[in-house]
There are 2 protein chains.
Amino acid sequence: MTLKIALAQTNFLVGDITANVNNIVKAAVHARDELGADIIVFPELTITGYPAEDLLLRTDFITEANNALYQLADSVAGIAMIVGFPERDGDKLYNSAAVLHQGAIVACYRKRALPNYGVFDEQRYFTAGNQPCVFEFNGLFIGLTICEDVWRLGVIEANKEAGAELLLTLNASPFNSGKIHQREAIICSQVKTAGIPLVYVNQVGGQDELIFDGASFVVDADGEVVFRAAEFKEQISVVEFDGSKPVKSACAPLYNEISSEYQALVLGIKDYVRKNGFQGAILGLSGGIDSALVLALAVDALGADKVEAVLLPSRYTQDMSNEDAVLEAKALGVHYHTIPIEPAVNAFTGMLADIFAGTAKDATEENIQARCRGVILMALSNKQGKLLLTTGNKSEMSVGYATLYGDMSGGFAPIKDVPKLLVYRLARYRNALSQVIPERVIIRPPSAELAPDQVDADSLPPYDVLDPILERYIEKDQSADQIIAAGFRREDVARAISLVDRNEYKRRQSPPGIRITARAFGRDRRYPITSGYRGI
Amino acid sequence: MTLKIALAQTNFLVGDITANVNNIVKAAVHARDELGADIIVFPELTITGYPAEDLLLRTDFITEANNALYQLADSVAGIAMIVGFPERDGDKLYNSAAVLHQGAIVACYRKRALPNYGVFDEQRYFTAGNQPCVFEFNGLFIGLTICEDVWRLGVIEANKEAGAELLLTLNASPFNSGKIHQREAIICSQVKTAGIPLVYVNQVGGQDELIFDGASFVVDADGEVVFRAAEFKEQISVVEFDGSKPVKSACAPLYNEISSEYQALVLGIKDYVRKNGFQGAILGLSGGIDSALVLALAVDALGADKVEAVLLPSRYTQDMSNEDAVLEAKALGVHYHTIPIEPAVNAFTGMLADIFAGTAKDATEENIQARCRGVILMALSNKQGKLLLTTGNKSEMSVGYATLYGDMSGGFAPIKDVPKLLVYRLARYRNALSQVIPERVIIRPPSAELAPDQVDADSLPPYDVLDPILERYIEKDQSADQIIAAGFRREDVARAISLVDRNEYKRRQSPPGIRITARAFGRDRRYPITSGYRGI
């Protein structure tokens, strides 16, 4: 007996229950009529999108989601739909998956492993289930699991012991660089041990800081991936099963690391703009590498006609910066303005002259320039309803090498989680597809151009020293001693750590950005601002 | 046999393990030598302070905290110290309380109830303990519990069943308005049921958004409060016990609601400035009620010599606003500057003239004014190392009636969780102590003064309608239908809810502020920015 299972790798809007249910119905009808599917499996918490955060605490929201599930059961016949929803039972809430078939809810599984680390807060909302769920479909016994469940050792085997011949798992597994290999390796290895095939359906799309990468897959009982859906794209695909045995099908190739990082950033911008209803995006173009990369990402995400660039030169801006910025805009076909900031800087300098008389120049004067740019960019954003993209990178965010309300202004910070060295690699990657960033922008020493002849290296260790220290400290939670033991100079480590610690207040007010590393600022690094801990 | 128990209501700096241990030693020696105490009880997680957030994920931090505990055991003899610390056991971490006596750890309790709701994330860090801890001291059997434990029904009784004759509880229980009554009512009622006395020690002080109010207390076996320490102050006090029976002692009176709210705000400003090492504070004084209240709070927290006010009038600022702002500064003895913002506004207007030609005036032009003020205030803050206080209230934060990078600029937002109507009540409360805010500021219609003859009521429902809707929607998670059923007009509810939902992006970039209600923006309301949910 053969069985066709559709994997619905969907990109839903969190909270939009009505639209999500309509899209579930459409996908199910398509899978049934066009793909001949018997079963369609959706991602975790399909009906609400993931993560819905504190919407899950609202009675009206949960009521609407539960009613939607019951209505959904009646909407499509002739195919079993497996749908995730926040299941209310008395005063408890479960992260559940329901099997809807011929107008009835024929099975319902409650997620047992509720992740509460990193970007996850599921124990804030949900009670853990405590039993497996195996249902019969056309004589085949099928087990259900949800995301974190299958990362826990022994869960797949326990499903087999409970009688499952095939396992379906609904997921909302966020992307970070290298995650897909980790995900497939862990799950395939457990599948192999247990010896039952598994269907893994992941959601796709950007949701605030998180990117979900899709790449849903099917593993056979030997632990081999026999089907894989595309990364970073919506896709409804069908896999045929001979009994419980999946028939080998076309596997989408995996992007290499740099390519997947680039795709994740593009998808993140695209979905933030689209899902929040912006008319397009705007950004300041300095002639530096960061804004050059963000411009390329924005154009790849939105199209050149939806992106607007603004050059905001000051007396410290070198000619080559302006020239390169113009080249970037032209190479991508983006409309740009040039607005010198001198009149505003002079106005502020005059207004503060009396109070600042006799004081030495310091970062204050540099910040005024950055903030004048912020005011102009926000004015353009406000007037046109375009999202202002902030162009700061993760290295700057880490050490606070950025001006609050200045270059940190903006609604979304695409490369906030991209360390400077990776900015260079991504720029070279993009140029290899087609030359859009002048070579000079990539090779010249980075500078904020807020003072005469300023370069980043005046204030910071060189990025090939700084970035690895930051990765160890921020992503791996290593101590100063561990980092020094790995071969870094104590003074560099001390400087980097101290800057990271002191600048928590800036990060707290920074715009959201796209998470691409194993630990971004934001949901997965929650530090106090007020803190007396000095790790060195 | 009598026993003297000291309640150490301490105000520690999160993360500063060395200083905290020194202060524990000082307090213990003082309690032993000056107060004749046999036992001293400290708050929850004494050694690290609470909440240490993701510092708790760091190996070096936990190692240091555990080493500190072991060293502490050896530092003071002749008194039993009961100290909270993050206890490492293999790869698990517990929220524990150790009894240190004569150089040994004689008992250790692991917190069983780990709150993971509201502002709490304890399941992110800790494994729950699973047994009570009763230790013998001079023939008396004493049980240990930590904070959330004693809020759970039956826990106090279970300790009695485990043999406890007296219960000690270490706490980090954050303030919100009315919390102290709730706290004492719940605990006294359970104590009465169980029939054993209880010693409740709470920490005090501001930690980012949270205020801990102290008000440690002792309840006798009949459920009567027989001792209470002061609210909002550090205090080491001693209570005598005849066997397990506490001897009635002096109870600090409880502040009434408005007074406790005012004290909480003062303590919040004081501790944020002090613990983060600022030279003082600065704020923009508009002549409106919000900045008038923040000025009074700041002076009460820091002293007039540490506070600086800046008047930033524009063409739309009425004379009475400037006059009242000057009166406020003078009444409190605060140094002030006046810097008209016209030159900067004109500069930006000129710079944008070509691009904005033919467009109608809208919020963009208003925002430019607010942002010019932001640039000036941040320049003064940067130059002088003074903390810029943001003066926006909770009603504004809720509906987004504030300019990002404009009047929202600042390191700390003292009244961010104070609804507008409460701003008025707090102003009247403060004036009743001594007249510092001109009556005209309190009675005139509120206005942002960003356009001719503008008043808040042009854009928003009146505050006596808006504030109760916001309280129901934000603090109580009520649905639109519930709020309408309570007697509010559908159009007011729809407008308020829609503004709250749409302005999540602004709040995400707002400075931290002091939590005084049962649900503040920040740690206890975690909403997605990207969301399709429309509750009306």
# chains A, B, ... in the order shown; residues from 1 in each chain; ligands from 1
$ select_by_dssp --residues "range 102-214 of chain A" --states "strand (DSSP E or B)" --output "count of residues only"
39
$ residues_around --residues "range 359-369 of chain A" --least-positions-apart "3" --cutoff "6 Å" --atoms "only C-alpha atoms" --output "CSV table (one decimal) with all heavy atoms, in the first residue's frame"
chain,number,residue,atom,x,y,z
A,356,PHE,N,29.5,74.6,26.1
A,356,PHE,CA,30.6,73.8,25.9
A,356,PHE,C,31.9,74.6,25.9
A,356,PHE,O,33.0,74.1,25.7
A,356,PHE,CB,30.5,73.1,24.6
A,356,PHE,CG,29.6,71.9,24.6
A,356,PHE,CD1,28.9,71.5,25.8
A,356,PHE,CD2,29.4,71.0,23.5
A,356,PHE,CE1,28.0,70.5,25.8
A,356,PHE,CE2,28.6,69.9,23.6
A,356,PHE,CZ,27.9,69.6,24.7
A,372,CYS,N,22.7,64.0,13.7
A,372,CYS,CA,22.1,64.8,12.6
A,372,CYS,C,21.7,63.9,11.5
A,372,CYS,O,20.7,64.1,10.8
A,372,CYS,CB,23.2,65.9,12.1
A,372,CYS,SG,23.3,67.2,13.3
A,403,THR,N,26.6,55.2,17.6
A,403,THR,CA,25.9,56.3,18.3
A,403,THR,C,24.4,56.0,18.5
A,403,THR,O,23.7,55.9,17.5
A,403,THR,CB,26.1,57.6,17.6
A,403,THR,OG1,27.5,57.9,17.5
A,403,THR,CG2,25.4,58.8,18.4
A,450,LEU,N,34.1,60.4,11.6
A,450,LEU,CA,33.5,61.4,12.5
A,450,LEU,C,34.5,62.4,13.1
A,450,LEU,O,34.2,63.3,13.8
A,450,LEU,CB,32.8,60.7,13.7
A,450,LEU,CG,31.6,59.9,13.3
A,450,LEU,CD1,31.1,59.1,14.5
A,450,LEU,CD2,30.4,60.8,12.8
B,379,ALA,N,23.8,65.5,23.9
B,379,ALA,CA,25.1,66.2,23.8
B,379,ALA,C,25.5,66.6,25.2
B,379,ALA,O,26.7,66.4,25.7
B,379,ALA,CB,25.1,67.4,22.9
B,382,ASN,N,26.3,63.4,27.2
B,382,ASN,CA,27.6,62.8,26.8
B,382,ASN,C,28.8,63.7,27.4
B,382,ASN,O,29.7,63.1,27.9
B,382,ASN,CB,27.8,62.8,25.3
B,382,ASN,CG,26.9,61.8,24.6
B,382,ASN,OD1,26.6,61.8,23.4
B,382,ASN,ND2,26.3,60.8,25.4
B,383,LYS,N,28.7,65.0,27.3
B,383,LYS,CA,29.8,65.8,27.7
B,383,LYS,C,30.0,65.8,29.2
B,383,LYS,O,31.2,65.8,29.6
B,383,LYS,CB,29.5,67.3,27.2
B,383,LYS,CG,30.6,68.3,27.3
B,383,LYS,CD,31.8,67.9,26.4
B,383,LYS,CE,31.9,68.7,25.1
B,383,LYS,NZ,33.0,68.2,24.3
$ residues_around --residues "Cys108 in chain A" --least-positions-apart "2" --cutoff "8 Å" --atoms "only C-alpha atoms" --output "VMD selection string"
chain A and resid 96 to 99 105 to 106 110 133
$ closest_residue --among "A:Gly411, A:Asn171, A:Asp74, A:Ile474" --to "Lys506 in chain B" --atoms "only C-alpha atoms"
A:Gly411
$ closest_residue --among "A:Gly280, A:Gly78, A:Gly205, A:Gly392" --to "chain B" --atoms "only C-alpha atoms"
A:Gly205
